[in-house]
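Containing mmCIF, C-alpha atoms: data03.cif.
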data_protein
loop_
_atom_site.label_atom_id
_atom_site.label_comp_id
_atom_site.auth_asym_id
_atom_site.auth_seq_id
_atom_site.Cartn_x
_atom_site.Cartn_y
_atom_site.Cartn_z
CA MET C 64 -6.10 3.38 -15.89
CA ASP C 65 -2.95 4.55 -17.63
CA LYS C 66 0.37 5.45 -15.97
CA LEU C 67 -0.47 9.13 -15.55
CA ALA C 68 -3.76 8.28 -13.85
CA LEU C 69 -1.99 5.71 -11.65
CA SER C 70 0.59 8.30 -10.66
CA ASN C 71 -2.16 10.78 -9.79
CA LEU C 72 -4.02 8.10 -7.81
CA LEU C 73 -0.89 7.37 -5.74
CA ASP C 74 -0.41 11.09 -5.11
CA GLU C 75 -4.02 11.50 -4.02
CA LYS C 76 -4.21 8.54 -1.61
CA ILE C 77 -0.81 8.95 0.00
CA ASN C 78 -1.19 12.72 0.26
CA ASP C 79 -4.54 12.15 2.01
CA VAL C 80 -2.73 10.12 4.68
CA ILE C 81 0.08 12.66 4.98
CA ASN C 82 -2.37 15.56 5.30
CA TRP C 83 -4.40 13.75 7.97
CA MET C 84 -1.24 12.79 9.87
CA GLU C 85 0.14 16.32 9.79
CA MET C 86 -3.01 17.53 11.57
CA GLN C 87 -2.44 15.03 14.39
CA ASP C 88 -0.42 15.73 17.49
CA GLU C 89 3.04 14.15 17.42
CA ALA C 90 2.52 12.59 20.86
CA ALA C 91 -0.46 10.65 19.48
CA PHE C 92 1.74 8.95 16.87
CA GLY C 93 3.19 6.36 19.25
CA LYS C 94 0.35 6.10 21.75
CA THR C 95 -1.76 2.94 22.09
CA TYR C 96 -5.46 3.76 21.86
CA HIS C 97 -6.92 0.30 21.60
CA GLU C 98 -5.63 -2.82 23.31
CA ASP C 99 -4.19 -5.34 20.84
CA LYS C 100 -4.39 -2.78 18.01
CA TRP C 101 -1.64 -0.93 16.21
CA THR C 102 -0.73 2.61 17.13
CA VAL C 103 -1.16 5.37 14.56
CA GLY C 104 2.58 5.18 13.86
CA GLN C 105 2.39 1.43 13.34
CA HIS C 106 -0.30 1.89 10.69
CA ILE C 107 2.07 4.24 8.87
CA GLN C 108 4.99 1.83 9.33
CA HIS C 109 2.82 -1.00 7.92
CA LEU C 110 2.12 1.12 4.82
CA ILE C 111 5.86 1.77 4.49
CA ILE C 112 6.66 -1.95 4.74
CA THR C 113 4.00 -3.01 2.22
CA ASN C 114 4.75 -0.20 -0.22
CA ARG C 115 8.46 -1.04 -0.05
CA ALA C 116 7.67 -4.68 -0.84
CA VAL C 117 5.71 -3.64 -3.93
CA LEU C 118 8.50 -1.27 -4.97
CA ASN C 119 11.03 -4.09 -4.63
CA GLY C 120 8.83 -6.22 -6.87
CA LEU C 121 8.65 -3.44 -9.46
CA LYS C 122 12.45 -3.19 -9.45
CA MET C 123 12.94 -6.89 -10.23
CA PRO C 124 14.09 -7.74 -13.75
CA LYS C 125 11.09 -8.69 -15.86
CA LEU C 126 12.68 -12.00 -16.80
CA ILE C 127 12.92 -12.94 -13.11
CA LEU C 128 9.33 -11.81 -12.47
CA ARG C 129 8.07 -14.02 -15.28
CA TRP C 130 10.19 -16.97 -14.14
CA LYS C 131 9.11 -16.70 -10.48
CA PHE C 132 5.46 -15.73 -10.86
CA GLY C 133 4.41 -16.37 -14.45
CA LYS C 134 2.33 -13.91 -16.40
CA CYS C 135 -1.26 -12.78 -16.19
CA ASN C 136 -3.58 -15.49 -17.52
CA ARG C 137 -6.89 -13.70 -17.00
CA VAL C 138 -8.58 -10.43 -17.87
CA GLU C 139 -6.95 -7.63 -15.91
CA ARG C 140 -9.18 -6.08 -13.25
CA SER C 141 -10.16 -2.42 -13.22
CA TYR C 142 -9.55 -0.29 -10.14
CA GLU C 143 -13.15 -0.86 -9.01
CA GLU C 144 -12.87 -4.63 -9.60
CA THR C 145 -9.60 -4.74 -7.64
CA ILE C 146 -11.28 -2.91 -4.75
CA ASP C 147 -14.21 -5.35 -4.87
CA LYS C 148 -11.85 -8.34 -4.91
CA TYR C 149 -9.84 -7.01 -1.95
CA TYR C 150 -12.87 -6.25 0.20
CA THR C 151 -14.54 -9.54 -0.72
CA VAL C 152 -11.47 -11.32 0.65
CA LEU C 153 -11.36 -9.07 3.73
CA ASN C 154 -15.05 -9.55 4.46
CA GLY C 155 -14.97 -13.28 3.79
CA LYS C 156 -12.43 -14.14 6.47
CA LYS C 157 -10.26 -12.70 9.16
CA VAL C 158 -7.29 -11.43 7.20
CA LYS C 159 -4.15 -10.64 9.15
CA ALA C 160 -1.01 -9.23 7.62
CA PRO C 161 1.76 -11.84 7.34
CA LYS C 162 4.38 -11.48 10.07
CA GLN C 163 6.92 -9.78 7.78
CA TYR C 164 4.45 -6.90 7.27
CA ASP C 165 3.83 -6.35 10.99
CA PRO C 166 5.24 -3.02 12.14
CA ARG C 167 7.64 -2.70 15.03
CA SER C 168 6.93 -0.32 17.89
CA ILE C 169 7.06 3.30 16.69
CA GLU C 170 7.99 6.28 18.84
CA ALA C 171 6.17 9.60 18.65
CA SER C 172 9.43 11.30 17.74
CA GLU C 173 9.54 9.26 14.50
CA LYS C 174 6.46 10.90 12.99
CA SER C 175 8.29 13.23 10.57
CA LEU C 176 10.74 10.51 9.56
CA LYS C 177 7.96 8.00 8.83
CA LEU C 178 5.90 10.49 6.83
CA ASP C 179 9.01 11.39 4.82
CA GLN C 180 9.67 7.69 4.18
CA LEU C 181 6.10 7.19 2.95
CA VAL C 182 6.40 10.15 0.55
CA GLY C 183 9.82 8.91 -0.60
CA LEU C 184 8.43 5.46 -1.38
CA LYS C 185 5.56 7.01 -3.32
CA ASN C 186 8.00 9.06 -5.40
CA GLN C 187 10.27 6.06 -6.03
CA THR C 188 7.27 3.96 -7.08
CA LYS C 189 6.14 6.64 -9.51
CA LYS C 190 9.67 6.87 -10.96
CA ILE C 191 9.97 3.09 -11.44
CA LEU C 192 6.44 2.94 -12.85
CA ASN C 193 7.55 5.24 -15.66
CA LYS C 194 9.97 2.51 -16.79
CA TRP C 195 7.09 0.09 -17.38
CA SER C 196 5.09 0.10 -20.59
CA GLU C 197 1.30 -0.08 -20.42
CA ASN C 198 1.47 -3.58 -21.90
CA GLN C 199 4.09 -4.76 -19.39
CA MET C 200 2.00 -3.52 -16.45
CA SER C 201 -0.83 -5.76 -17.65
CA LYS C 202 1.37 -8.78 -18.40
CA TYR C 203 3.60 -9.23 -15.33
CA VAL C 204 2.29 -10.30 -11.93
CA LEU C 205 3.34 -10.26 -8.31
CA PRO C 206 1.84 -12.40 -5.53
CA HIS C 207 -0.39 -10.83 -2.88
CA PRO C 208 -0.73 -12.87 0.34
CA ALA C 209 -4.53 -12.50 0.54
CA VAL C 210 -5.85 -12.04 -2.99
CA GLY C 211 -3.34 -14.01 -5.08
CA LYS C 212 -1.48 -12.79 -8.12
CA LEU C 213 -2.03 -9.20 -9.21
CA THR C 214 -0.74 -7.50 -12.33
CA ILE C 215 1.66 -4.61 -11.83
CA ARG C 216 -1.20 -2.19 -12.61
CA GLU C 217 -3.46 -3.96 -10.07
CA PHE C 218 -0.69 -3.73 -7.48
CA ILE C 219 -0.60 0.04 -7.95
CA TYR C 220 -4.37 -0.01 -7.45
CA PHE C 221 -3.72 -2.06 -4.33
CA ILE C 222 -1.28 0.50 -2.91
CA ALA C 223 -3.95 3.17 -3.35
CA LEU C 224 -6.82 1.17 -1.87
CA HIS C 225 -4.69 -0.27 0.95
CA THR C 226 -3.55 3.24 1.88
CA GLU C 227 -7.15 4.47 1.86
CA HIS C 228 -8.21 1.42 3.92
CA HIS C 229 -5.71 2.28 6.67
CA LEU C 230 -6.62 5.97 6.59
CA ASN C 231 -10.27 5.02 7.06
CA ILE C 232 -9.33 2.87 10.06
CA LEU C 233 -7.35 5.75 11.52
CA LYS C 234 -10.18 8.24 10.99
CA LYS C 235 -12.72 5.86 12.51
CA ASP C 236 -10.81 4.40 15.43
CA TYR C 237 -8.41 7.24 16.24
CA HIS C 238 -10.65 10.22 15.57
CA SER C 239 -10.36 11.44 19.14
CA ILE C 240 -6.61 11.97 19.04
#
Can the structure in the file be given as structure tokens, please?
Amino acid sequence: MDKLALSNLLDEKINDVINWMEMQDEAAFGKTYHEDKWTVGQHIQHLIITNRAVLNGLKMPKLILRWKFGKCNRVERSYEETIDKYYTVLNGKKVKAPKQYDPRSIEASEKSLKLDQLVGLKNQTKKILNKWSENQMSKYVLPHPAVGKLTIREFIYFIALHTEHHLNILKKDYHSI
């Protein structure tokens, strides 16, 4: 998938979340629906935290990326292969987000702010992505806590599939809100 297709994929997946959230009552945003589960707002905050982490990785100088994480030493995965890899890991064990990706408590009144932050991160990611060549996106890697090193292109795939994953959880488990 080239940069234009990646940009469109980010638009599609994040806009799907935004559109679903805008149809939900603001009061539902901070309400706990399932014991020991995140609120709707916490799912959005988790996406903000993880997307910001990827954006920070994209902003790192390429020399530092290569020094810290090396370069891709395998065939780059397609979007479908990245999805398969992610869900194979999820299905194979109980995967829990590392502590630094856990969302804090979110108030219902923060709904608009959080949705704006998610859109802002998407736009910043698309802008930074334009500074990467197609070759560079396939060469440089960042570490993912569950699936290992992903190329920059695969990390953009990850943002899309991770966003869709959380939207599916929200639609399934919070459909009555």
The PyMOL selection byres ((chain C and resi 136) around 12) applied to the shown file, residues as a short mmCIF file (atom, residue, chain, number, x, y, z; two decimals) with C-alpha atoms, keeping the file's coordinate frame:
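Output below, filename part.cif:
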data_model
loop_
_atom_site.label_atom_id
_atom_site.label_comp_id
_atom_site.auth_asym_id
_atom_site.auth_seq_id
_atom_site.Cartn_x
_atom_site.Cartn_y
_atom_site.Cartn_z
CA ARG C 129 8.07 -14.02 -15.28
CA PHE C 132 5.46 -15.73 -10.86
CA GLY C 133 4.41 -16.37 -14.45
CA LYS C 134 2.33 -13.91 -16.40
CA CYS C 135 -1.26 -12.78 -16.19
CA ARG C 137 -6.89 -13.70 -17.00
CA VAL C 138 -8.58 -10.43 -17.87
CA GLU C 139 -6.95 -7.63 -15.91
CA ARG C 140 -9.18 -6.08 -13.25
CA SER C 201 -0.83 -5.76 -17.65
CA LYS C 202 1.37 -8.78 -18.40
CA TYR C 203 3.60 -9.23 -15.33
CA VAL C 204 2.29 -10.30 -11.93
CA LYS C 212 -1.48 -12.79 -8.12
CA LEU C 213 -2.03 -9.20 -9.21
CA THR C 214 -0.74 -7.50 -12.33
#
Give me, as JSON lines, each residue of segment 68-137 of chain C that comes within 7 Å of segment 167-174 of chain C, together with its shortest interatomic pair and the distance in Å at one decimal, counting all atoms listed in the file, with rows ordered by chain and rising residue number.
{"residue": "C:Glu89", "atom": "CA", "partner": "C:Ala171", "partner_atom": "CA", "distance": 5.7}
{"residue": "C:Ala90", "atom": "CA", "partner": "C:Ala171", "partner_atom": "CA", "distance": 5.2}
{"residue": "C:Ala91", "atom": "CA", "partner": "C:Ala171", "partner_atom": "CA", "distance": 6.8}
{"residue": "C:Phe92", "atom": "CA", "partner": "C:Ala171", "partner_atom": "CA", "distance": 4.8}
{"residue": "C:Gly93", "atom": "CA", "partner": "C:Ala171", "partner_atom": "CA", "distance": 4.4}
{"residue": "C:Gly104", "atom": "CA", "partner": "C:Ile169", "partner_atom": "CA", "distance": 5.6}
{"residue": "C:Gln105", "atom": "CA", "partner": "C:Ile169", "partner_atom": "CA", "distance": 6.0}
Deliver the residues from the most recent selection as a file, using C-alpha atoms, as a PDB file, in the frame of the given file.
ATOM      1  CA  GLU C  89       3.040  14.150  17.420  1.00  0.00           C
ATOM      2  CA  ALA C  90       2.520  12.590  20.860  1.00  0.00           C
ATOM      3  CA  ALA C  91      -0.460  10.650  19.480  1.00  0.00           C
ATOM      4  CA  PHE C  92       1.740   8.950  16.870  1.00  0.00           C
ATOM      5  CA  GLY C  93       3.190   6.360  19.250  1.00  0.00           C
ATOM      6  CA  GLY C 104       2.580   5.180  13.860  1.00  0.00           C
ATOM      7  CA  GLN C 105       2.390   1.430  13.340  1.00  0.00           C
TER       8      GLN C 105
END
Check: When distances are computed from all atoms listed in the file, which of C:Val80, C:Ile215, C:Ile112, C:Val182 shows the smallest separation from Lys162 of chain C?
Finding: C:Ile112
Check: Of the candidates C:Lys100, C:Lys148, C:Lys159, C:His207, which one gets nearest to Val117 of chain C if we count only C-alpha atoms?
Finding: C:His207
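Omitting Tyr96 of chain C and its sequence neighbours fewer than 6 positions away, and counting all atoms listed in the file, the residues within 9 Å are Thr102, Val103, Asp236, Tyr237 and Ile240 of chain C.
Evaluated against this file, the PyMOL selection byres ((chain C and resi 70) around 12) yields Met64, Asp65, Lys66, Leu67, Ala68, Leu69, Asn71, Leu72, Leu73, Asp74, Glu75, Lys76, Ile77, Asn78, Lys185, Asn186, Gln187, Thr188, Lys189, Lys190, Ile191, Leu192, Asn193, Arg216, Ile219, Tyr220, Ile222 and Ala223 of chain C.
Nearest to Asp88 of chain C of all the residues C:Ser175, C:Thr145, C:Gln180, C:His225 is C:Ser175, counting all atoms listed in the file.
For the residues C:Leu126, C:Gln108, C:Met86, C:Tyr150, ranking by smallest atom-to-atom distance to Pro166 of chain C using only C-alpha atoms places C:Gln108 first.
Relative to atom CA of Lys234 of chain C, atom CA of His97 of chain C is found at 13.6 Å.
Between atom CA of Asp79 of chain C and atom CA of Thr113 of chain C the interatomic distance comes to 17.4 Å.
Atom CA of Arg115 of chain C is found 19.6 Å from atom CA of Met84 of chain C.
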Just add N, CA and C atoms to segment 78-93 of chain C and send it as a compact mmCIF listing (two decimals), keeping the file's coordinate frame.
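Result file is result_23.txt:
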# COMPACT_ATOMS: atom_id res chain seq x y z
N ASN C 78 -1.09 11.35 -0.25
CA ASN C 78 -1.19 12.72 0.26
C ASN C 78 -2.34 12.87 1.24
N ASP C 79 -3.44 12.13 1.04
CA ASP C 79 -4.54 12.15 2.01
C ASP C 79 -4.06 11.68 3.39
N VAL C 80 -3.27 10.61 3.41
CA VAL C 80 -2.73 10.12 4.68
C VAL C 80 -1.79 11.14 5.29
N ILE C 81 -0.90 11.68 4.48
CA ILE C 81 0.08 12.66 4.98
C ILE C 81 -0.65 13.87 5.56
N ASN C 82 -1.63 14.38 4.83
CA ASN C 82 -2.37 15.56 5.30
C ASN C 82 -3.09 15.28 6.60
N TRP C 83 -3.71 14.11 6.73
CA TRP C 83 -4.40 13.75 7.97
C TRP C 83 -3.40 13.63 9.12
N MET C 84 -2.26 12.98 8.83
CA MET C 84 -1.24 12.79 9.87
C MET C 84 -0.65 14.11 10.32
N GLU C 85 -0.45 15.04 9.41
CA GLU C 85 0.14 16.32 9.79
C GLU C 85 -0.78 17.12 10.70
N MET C 86 -2.07 16.83 10.67
CA MET C 86 -3.01 17.53 11.57
C MET C 86 -3.06 16.89 12.95
N GLN C 87 -2.41 15.74 13.11
CA GLN C 87 -2.44 15.03 14.39
C GLN C 87 -1.25 15.43 15.25
N ASP C 88 -1.45 15.42 16.53
CA ASP C 88 -0.42 15.73 17.49
C ASP C 88 0.68 14.67 17.43
N GLU C 89 1.93 15.10 17.48
CA GLU C 89 3.04 14.15 17.42
C GLU C 89 2.98 13.12 18.54
N ALA C 90 2.58 13.51 19.73
CA ALA C 90 2.52 12.59 20.86
C ALA C 90 1.56 11.43 20.59
N ALA C 91 0.54 11.68 19.78
CA ALA C 91 -0.46 10.65 19.48
C ALA C 91 0.10 9.56 18.57
N PHE C 92 1.19 9.84 17.88
CA PHE C 92 1.74 8.95 16.87
C PHE C 92 2.15 7.60 17.46
N GLY C 93 2.70 7.60 18.65
CA GLY C 93 3.19 6.36 19.25
C GLY C 93 2.31 5.82 20.36
